[in-house]
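Colleague: Contents are mmCIF, C-alpha atoms and all ligand atoms; file name work_9.cif:
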data_target
#
loop_
_atom_site.group_PDB
_atom_site.id
_atom_site.type_symbol
_atom_site.label_atom_id
_atom_site.label_comp_id
_atom_site.auth_asym_id
_atom_site.auth_seq_id
_atom_site.Cartn_x
_atom_site.Cartn_y
_atom_site.Cartn_z
ATOM 1 C CA MET E 1075 162.425 35.246 98.278
ATOM 2 C CA ASN E 1076 160.292 38.040 96.868
ATOM 3 C CA LYS E 1077 158.731 37.601 93.492
ATOM 4 C CA LYS E 1078 160.325 39.631 90.685
ATOM 5 C CA LEU E 1079 157.887 41.491 88.481
ATOM 6 C CA VAL E 1080 158.571 43.958 85.702
ATOM 7 C CA PHE E 1081 156.279 46.990 85.550
ATOM 8 C CA VAL E 1082 155.982 47.797 81.859
ATOM 9 C CA THR E 1083 155.853 51.588 81.782
ATOM 10 C CA ASN E 1084 157.873 54.534 80.547
ATOM 11 C CA ASN E 1085 156.064 56.849 82.929
ATOM 12 C CA ALA E 1086 158.306 57.560 85.947
ATOM 13 C CA HIS E 1087 155.348 58.959 87.949
ATOM 14 C CA LYS E 1088 153.442 55.709 87.562
ATOM 15 C CA LEU E 1089 156.490 53.655 88.551
ATOM 16 C CA GLU E 1090 156.910 55.733 91.701
ATOM 17 C CA GLU E 1091 153.194 55.550 92.578
ATOM 18 C CA ILE E 1092 153.014 51.782 92.141
ATOM 19 C CA SER E 1093 156.233 51.026 94.027
ATOM 20 C CA GLN E 1094 154.843 53.084 96.948
ATOM 21 C CA ILE E 1095 151.581 51.139 96.847
ATOM 22 C CA LEU E 1096 153.194 47.686 96.495
ATOM 23 C CA GLY E 1097 155.700 48.293 99.279
ATOM 24 C CA ASP E 1098 158.398 45.664 99.806
ATOM 25 C CA LYS E 1099 156.253 42.605 99.061
ATOM 26 C CA ILE E 1100 157.417 42.470 95.458
ATOM 27 C CA ASP E 1101 160.772 43.145 93.770
ATOM 28 C CA LEU E 1102 159.559 45.634 91.224
ATOM 29 C CA LEU E 1103 161.781 45.970 88.156
ATOM 30 C CA SER E 1104 161.574 48.823 85.682
ATOM 31 C CA LEU E 1105 162.150 48.650 81.918
ATOM 32 C CA LYS E 1106 165.529 50.255 82.594
ATOM 33 C CA ASP E 1107 166.390 47.440 85.024
ATOM 34 C CA ILE E 1108 165.893 44.857 82.274
ATOM 35 C CA ASN E 1109 167.660 46.998 79.687
ATOM 36 C CA CYS E 1110 164.618 47.530 77.515
ATOM 37 C CA GLN E 1111 164.924 50.791 75.631
ATOM 38 C CA GLU E 1112 162.583 50.291 72.723
ATOM 39 C CA ASP E 1113 159.199 51.903 72.143
ATOM 40 C CA ILE E 1114 156.550 49.402 73.159
ATOM 41 C CA PRO E 1115 153.520 49.410 70.868
ATOM 42 C CA GLU E 1116 150.260 50.683 72.363
ATOM 43 C CA THR E 1117 147.867 50.630 69.431
ATOM 44 C CA ALA E 1118 144.743 48.881 70.723
ATOM 45 C CA ASP E 1119 141.429 50.728 70.923
ATOM 46 C CA THR E 1120 140.646 49.797 74.530
ATOM 47 C CA LEU E 1121 142.499 50.237 77.836
ATOM 48 C CA GLU E 1122 142.399 46.448 78.366
ATOM 49 C CA GLY E 1123 143.830 45.856 74.889
ATOM 50 C CA ASN E 1124 146.709 48.283 75.435
ATOM 51 C CA ALA E 1125 147.597 46.840 78.844
ATOM 52 C CA PHE E 1126 147.677 43.346 77.311
ATOM 53 C CA GLN E 1127 149.721 44.542 74.331
ATOM 54 C CA LYS E 1128 152.384 46.138 76.575
ATOM 55 C CA ALA E 1129 152.626 43.200 78.988
ATOM 56 C CA SER E 1130 152.705 40.503 76.308
ATOM 57 C CA TYR E 1131 155.437 42.375 74.380
ATOM 58 C CA ILE E 1132 157.784 42.190 77.378
ATOM 59 C CA HIS E 1133 156.770 38.684 78.350
ATOM 60 C CA GLN E 1134 157.396 37.334 74.854
ATOM 61 C CA LYS E 1135 160.586 39.239 74.172
ATOM 62 C CA TYR E 1136 162.271 39.191 77.594
ATOM 63 C CA GLY E 1137 160.571 36.219 79.306
ATOM 64 C CA TYR E 1138 159.812 38.061 82.570
ATOM 65 C CA ASP E 1139 156.630 37.836 84.593
ATOM 66 C CA CYS E 1140 155.293 41.350 84.287
ATOM 67 C CA PHE E 1141 152.343 43.689 84.366
ATOM 68 C CA ALA E 1142 151.297 46.808 82.498
ATOM 69 C CA ASP E 1143 148.558 49.302 83.144
ATOM 70 C CA ASP E 1144 146.652 51.588 80.874
ATOM 71 C CA THR E 1145 144.633 54.442 82.284
ATOM 72 C CA GLY E 1146 142.105 56.750 80.739
ATOM 73 C CA LEU E 1147 139.997 59.664 81.902
ATOM 74 C CA GLU E 1148 136.381 59.025 80.864
ATOM 75 C CA VAL E 1149 134.189 62.135 80.801
ATOM 76 C CA GLU E 1150 130.433 61.522 80.815
ATOM 77 C CA ALA E 1151 129.388 64.609 78.814
ATOM 78 C CA LEU E 1152 131.954 63.726 76.130
ATOM 79 C CA ASN E 1153 130.734 60.140 75.694
ATOM 80 C CA GLY E 1154 133.702 58.696 77.565
ATOM 81 C CA GLU E 1155 136.387 60.800 75.828
ATOM 82 C CA PRO E 1156 139.371 61.119 76.015
ATOM 83 C CA GLY E 1157 139.409 57.509 77.343
ATOM 84 C CA VAL E 1158 142.015 55.374 75.622
ATOM 85 C CA PHE E 1159 143.319 58.529 73.886
ATOM 86 C CA SER E 1160 144.046 60.360 77.166
ATOM 87 C CA ALA E 1161 147.834 60.613 76.617
ATOM 88 C CA ARG E 1162 147.491 62.101 73.114
ATOM 89 C CA TYR E 1163 144.131 63.905 73.334
ATOM 90 C CA ALA E 1164 145.618 67.163 72.019
ATOM 91 C CA GLY E 1165 147.927 65.429 69.538
ATOM 92 C CA SER E 1166 150.905 63.119 69.681
ATOM 93 C CA GLY E 1167 153.370 63.575 72.531
ATOM 94 C CA HIS E 1168 152.324 63.429 76.149
ATOM 95 C CA ASP E 1169 151.618 67.143 76.630
ATOM 96 C CA SER E 1170 149.467 67.270 79.769
ATOM 97 C CA GLU E 1171 149.003 71.040 79.621
ATOM 98 C CA ALA E 1172 147.597 70.891 76.063
ATOM 99 C CA ASN E 1173 145.449 67.848 76.926
ATOM 100 C CA MET E 1174 143.897 69.639 79.912
ATOM 101 C CA GLN E 1175 143.250 72.818 77.904
ATOM 102 C CA LYS E 1176 141.503 70.835 75.160
ATOM 103 C CA LEU E 1177 139.345 69.027 77.710
ATOM 104 C CA LEU E 1178 138.377 72.261 79.476
ATOM 105 C CA GLN E 1179 137.496 73.850 76.102
ATOM 106 C CA ASN E 1180 135.316 70.893 75.166
ATOM 107 C CA LEU E 1181 133.456 71.157 78.462
ATOM 108 C CA ILE E 1182 132.667 74.873 78.224
ATOM 109 C CA GLY E 1183 128.927 75.339 78.766
ATOM 110 C CA LYS E 1184 128.372 71.738 79.908
ATOM 111 C CA THR E 1185 126.719 71.351 83.296
ATOM 112 C CA ASN E 1186 127.475 67.643 83.625
ATOM 113 C CA ARG E 1187 131.091 67.580 84.838
ATOM 114 C CA LYS E 1188 131.117 63.917 85.914
ATOM 115 C CA ALA E 1189 134.194 61.889 85.014
ATOM 116 C CA GLN E 1190 136.102 58.828 86.098
ATOM 117 C CA PHE E 1191 139.656 57.614 85.858
ATOM 118 C CA ARG E 1192 139.755 53.943 84.905
ATOM 119 C CA THR E 1193 142.852 51.759 85.131
ATOM 120 C CA SER E 1194 143.174 48.343 83.591
ATOM 121 C CA ILE E 1195 146.110 46.187 84.673
ATOM 122 C CA CYS E 1196 147.233 43.146 82.727
ATOM 123 C CA LEU E 1197 149.403 40.686 84.666
ATOM 124 C CA ILE E 1198 151.226 37.868 82.890
ATOM 125 C CA ILE E 1199 152.552 35.365 85.366
ATOM 126 C CA ASP E 1200 153.466 31.702 84.867
ATOM 127 C CA ASP E 1201 152.297 32.132 81.256
ATOM 128 C CA LYS E 1202 148.756 33.057 82.309
ATOM 129 C CA VAL E 1203 147.001 36.380 81.709
ATOM 130 C CA HIS E 1204 144.979 38.141 84.431
ATOM 131 C CA THR E 1205 143.138 41.460 84.292
ATOM 132 C CA PHE E 1206 142.388 43.855 87.169
ATOM 133 C CA GLU E 1207 140.422 47.117 87.129
ATOM 134 C CA GLY E 1208 140.185 50.199 89.311
ATOM 135 C CA ILE E 1209 137.828 53.161 88.962
ATOM 136 C CA CYS E 1210 137.890 56.542 90.699
ATOM 137 C CA LYS E 1211 134.814 58.724 90.153
ATOM 138 C CA GLY E 1212 134.819 62.501 90.413
ATOM 139 C CA ILE E 1213 134.254 65.750 88.537
ATOM 140 C CA ILE E 1214 136.225 68.006 86.199
ATOM 141 C CA ILE E 1215 136.560 71.552 87.548
ATOM 142 C CA GLU E 1216 136.818 74.673 85.394
ATOM 143 C CA GLU E 1217 140.399 75.731 86.161
ATOM 144 C CA LYS E 1218 143.564 73.896 87.144
ATOM 145 C CA ARG E 1219 144.439 73.741 90.844
ATOM 146 C CA GLY E 1220 147.453 72.177 92.584
ATOM 147 C CA GLU E 1221 150.990 71.142 91.822
ATOM 148 C CA THR E 1222 151.486 67.451 92.620
ATOM 149 C CA GLY E 1223 150.730 64.346 90.565
ATOM 150 C CA PHE E 1224 150.687 64.351 86.779
ATOM 151 C CA GLY E 1225 148.473 64.257 83.702
ATOM 152 C CA TYR E 1226 144.929 65.481 84.369
ATOM 153 C CA ASP E 1227 145.367 65.609 88.193
ATOM 154 C CA PRO E 1228 145.023 69.444 88.470
ATOM 155 C CA ILE E 1229 141.478 69.416 87.012
ATOM 156 C CA PHE E 1230 140.067 66.264 88.651
ATOM 157 C CA VAL E 1231 138.318 66.346 92.040
ATOM 158 C CA PRO E 1232 137.597 62.835 93.360
ATOM 159 C CA GLU E 1233 134.180 62.047 94.870
ATOM 160 C CA GLY E 1234 133.972 62.904 98.590
ATOM 161 C CA TYR E 1235 136.720 65.580 98.367
ATOM 162 C CA GLU E 1236 136.852 69.264 97.555
ATOM 163 C CA ASN E 1237 140.438 69.371 96.328
ATOM 164 C CA THR E 1238 141.947 68.126 93.097
ATOM 165 C CA PHE E 1239 144.299 65.134 93.002
ATOM 166 C CA ALA E 1240 147.086 67.673 92.419
ATOM 167 C CA GLU E 1241 146.158 69.459 95.674
ATOM 168 C CA LEU E 1242 145.549 66.322 97.737
ATOM 169 C CA GLY E 1243 149.103 65.062 97.202
ATOM 170 C CA ASN E 1244 150.422 61.597 96.470
ATOM 171 C CA ASP E 1245 149.761 60.057 99.886
ATOM 172 C CA ILE E 1246 146.011 60.642 99.648
ATOM 173 C CA LYS E 1247 145.883 60.000 95.900
ATOM 174 C CA ASN E 1248 147.578 56.648 96.413
ATOM 175 C CA GLN E 1249 144.914 55.599 98.921
ATOM 176 C CA ILE E 1250 141.885 56.345 96.744
ATOM 177 C CA SER E 1251 142.964 56.407 93.117
ATOM 178 C CA HIS E 1252 141.938 54.214 90.187
ATOM 179 C CA ARG E 1253 145.515 52.888 90.035
ATOM 180 C CA ALA E 1254 145.585 52.175 93.784
ATOM 181 C CA LYS E 1255 142.359 50.167 93.500
ATOM 182 C CA ALA E 1256 143.597 48.183 90.510
ATOM 183 C CA VAL E 1257 146.948 47.542 92.237
ATOM 184 C CA GLU E 1258 145.113 46.442 95.394
ATOM 185 C CA ALA E 1259 143.275 43.834 93.325
ATOM 186 C CA LEU E 1260 146.618 42.805 91.800
ATOM 187 C CA CYS E 1261 148.233 42.517 95.273
ATOM 188 C CA THR E 1262 145.343 40.468 96.664
ATOM 189 C CA TYR E 1263 145.759 38.083 93.750
ATOM 190 C CA LEU E 1264 149.538 37.841 94.200
ATOM 191 C CA LYS E 1265 149.211 37.215 97.949
ATOM 192 C CA ASN E 1266 146.668 34.423 97.499
ATOM 193 C CA GLU E 1267 148.485 32.808 94.616
HETATM 194 P P1 LIG Q 1301 152.910 54.157 79.836
HETATM 195 O O1 LIG Q 1301 151.988 53.778 78.693
HETATM 196 O O2 LIG Q 1301 154.357 54.167 79.468
HETATM 197 O O3 LIG Q 1301 152.646 53.343 81.070
HETATM 198 P P2 LIG Q 1301 151.482 56.726 79.777
HETATM 199 O O4 LIG Q 1301 151.891 58.059 80.294
HETATM 200 O O5 LIG Q 1301 151.212 56.573 78.310
HETATM 201 O O6 LIG Q 1301 152.578 55.680 80.283
HETATM 202 P P3 LIG Q 1301 148.722 55.812 80.237
HETATM 203 O O7 LIG Q 1301 148.634 55.448 78.796
HETATM 204 O O8 LIG Q 1301 148.278 54.800 81.235
HETATM 205 O O9 LIG Q 1301 150.205 56.303 80.613
HETATM 206 O O10 LIG Q 1301 147.887 57.096 80.574
HETATM 207 C C1 LIG Q 1301 147.408 57.939 79.587
HETATM 208 C C2 LIG Q 1301 147.381 59.348 80.061
HETATM 209 O O11 LIG Q 1301 146.319 59.475 81.026
HETATM 210 C C3 LIG Q 1301 148.648 59.841 80.771
HETATM 211 O O12 LIG Q 1301 149.599 60.322 79.885
HETATM 212 C C4 LIG Q 1301 148.081 60.946 81.642
HETATM 213 O O13 LIG Q 1301 147.911 62.128 80.909
HETATM 214 C C5 LIG Q 1301 146.698 60.396 81.997
HETATM 215 N N1 LIG Q 1301 146.753 59.730 83.311
HETATM 216 C C6 LIG Q 1301 147.011 58.424 83.571
HETATM 217 N N2 LIG Q 1301 146.976 58.182 84.888
HETATM 218 C C7 LIG Q 1301 146.708 59.374 85.476
HETATM 219 C C8 LIG Q 1301 146.570 59.813 86.817
HETATM 220 O O14 LIG Q 1301 146.710 58.980 87.838
HETATM 221 N N3 LIG Q 1301 146.305 61.093 87.046
HETATM 222 C C9 LIG Q 1301 146.162 61.967 86.041
HETATM 223 N N4 LIG Q 1301 146.299 61.653 84.745
HETATM 224 C C10 LIG Q 1301 146.557 60.369 84.460
#
For this file, write the structure as structure tokens.

Modeller:
Amino acid sequence: MNKKLVFVTNNAHKLEEISQILGDKIDLLSLKDINCQEDIPETADTLEGNAFQKASYIHQKYGYDCFADDTGLEVEALNGEPGVFSARYAGSGHDSEANMQKLLQNLIGKTNRKAQFRTSICLIIDDKVHTFEGICKGIIIEEKRGETGFGYDPIFVPEGYENTFAELGNDIKNQISHRAKAVEALCTYLKNE
């Protein structure tokens, strides 16, 4: 029988991406599936801390094996900003348009456009905590391009490509992204367990 794992996220895009990457090896449950409707705290000051906070909340309260991810866009010329604040860079509420505009403003006149998406996954299984990481390096372009994906995808061009994540589409994004790499490490662990 497949292992049941809850993915602790309220982001439907992330749920879709990860279920595509995991395939049918795992029975992936959403927060809806376990009837969890509350706001899960995410108040740590690191990606690792937030992933742990989200996963341990569900593990303690609902008793499921589960994992959570936290992702940030780290921009070199901005000393790693927006990083852990990526979702609320332009204020509370996940307004991707406002977040992208603020980032582009802050990069005006900067020649160093290097950035990376970093994902930290925290898995809690059989009462043990495991952490996995995935990084995707690239650059921030000057104007949005493309329609697919979410968040900062229209302004991020991954290394080795000329198109943004939002132009490349989910199939390519899911082969090379930060989240794909972190999930691959998670899958390798689950398979060898
Ligand atoms: P959950 O905490 O409910 O999982 P979230 O939307 O808050 O969902 P994160 O904290 O992991 O997700 O991500 C913070 C923000 O970073 C997110 O709102 C997006 O704006 C951005 N982001 C995350 N992953 C991304 C990706 O693959 N492509 C583009 N932007 C991304």

Colleague: Write out as a list in words each polymer residue whose atoms come within 9 Å of E:Asp1227, counting all atoms listed in the file; drop sequence neighbours fewer than 2 positions from it.

Modeller: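 Here the qualifying residues turn out to be Lys1218, Arg1219, Gly1220, Glu1221, Thr1222, Gly1223, Phe1224, Gly1225, Ile1229, Phe1230, Val1231, Thr1238, Phe1239, Ala1240 and Glu1241 of chain E.
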
Colleague: For the point (146.5, 67.7, 82.3) in the file's frame, write as an MDAnalysis selection string all residues with an atom no more than 6 Å away, counting only C-alpha atoms.

Modeller: chainID E and resid 1170:1171 1173:1174 1225:1226

Colleague: Which residues form the shell of 8 Å around ligand LIG 1301 (chain Q) when you count all atoms listed in the file, given as an MDAnalysis selection string?

Modeller: chainID E and resid 1082:1085 1088 1116 1128 1142:1147 1158:1162 1168:1170 1173 1191 1193 1223:1228 1230 1239 1251:1253

Colleague: Would you please work out which residue, of E:Leu1121, E:His1133, E:Cys1210, E:Glu1236, is nearest to E:Asn1248 when using all atoms listed in the file?

Modeller: E:Cys1210

Colleague: Which residue gives the smallest distance to E:Ala1151 among E:Cys1261, E:Val1080, E:Ile1214, E:Ala1172, with only C-alpha atoms counted?

Modeller: E:Ile1214

Colleague: Written as a list in words, what is the full residue list that the PyMOL selection byres (((chain E and resi 1259) around 12) and not hetatm) yields on the file shown?

Modeller: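 With the shown file as input, the PyMOL selection byres (((chain E and resi 1259) around 12) and not hetatm) matches Ile1095, Leu1096, Thr1193, Ser1194, Ile1195, Cys1196, Leu1197, His1204, Thr1205, Phe1206, Glu1207, Gly1208, Ile1209, His1252, Arg1253, Ala1254, Lys1255, Ala1256, Val1257, Glu1258, Leu1260, Cys1261, Thr1262, Tyr1263, Leu1264, Lys1265 and Asn1266 of chain E.
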
Colleague: Quote the spacing between atom CA of E:Ile1100 and atom CA of E:Lys1078 in Å to one decimal place.

Modeller: 6.3 Å

Colleague: With only C-alpha atoms as the counted atoms, please give the residues lying no more than 8 Å from E:Leu1181, apart from itself and same-chain residues fewer than 4 positions off, as an mmCIF file with C-alpha atoms, in the coordinates of the input.

Modeller:
data_model
loop_
_atom_site.group_PDB
_atom_site.id
_atom_site.type_symbol
_atom_site.label_atom_id
_atom_site.label_comp_id
_atom_site.auth_asym_id
_atom_site.auth_seq_id
_atom_site.Cartn_x
_atom_site.Cartn_y
_atom_site.Cartn_z
ATOM 1 C CA ALA E 1151 129.388 64.609 78.814
ATOM 2 C CA LEU E 1152 131.954 63.726 76.130
ATOM 3 C CA LEU E 1177 139.345 69.027 77.710
ATOM 4 C CA ARG E 1187 131.091 67.580 84.838
#

Colleague: Which residue is closest to E:Glu1090? Choose from E:Asn1076, E:Gln1111, E:Thr1120, E:Ser1104 and count only C-alpha atoms.

Modeller: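 Ranked by minimum distance to E:Glu1090, first place goes to E:Ser1104.
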
Colleague: How many Å separate atom CA of E:Gln1175 from atom CA of E:Asn1237?

Modeller: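 So the two atoms, atom CA of E:Gln1175 and atom CA of E:Asn1237, lie 19.0 Å apart.
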
Colleague: Using atom CA of E:Gly1234 and atom CA of E:Glu1148 as the two end points, give the distance in Å to one decimal.

Modeller: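 Value for the atom CA of E:Gly1234-atom CA of E:Glu1148 distance: 18.3 Å.
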
Colleague: With all atoms listed in the file as the basis for distance, which of E:Val1203, E:Leu1079, E:Ala1125, E:Ile1213 is at the shortest distance from E:Leu1103?

Modeller: E:Leu1079

Colleague: Given 8 Å on each side, where is the centre and what are the edge lengths in Å to one decimal of the axis-aligned box enclosing the listed atoms of stretch 1101-1110 of chain E, as JSON?

Modeller:
{"center_x": 163.6, "center_y": 46.7, "center_z": 85.6, "size_x": 24.1, "size_y": 23.1, "size_z": 32.3}
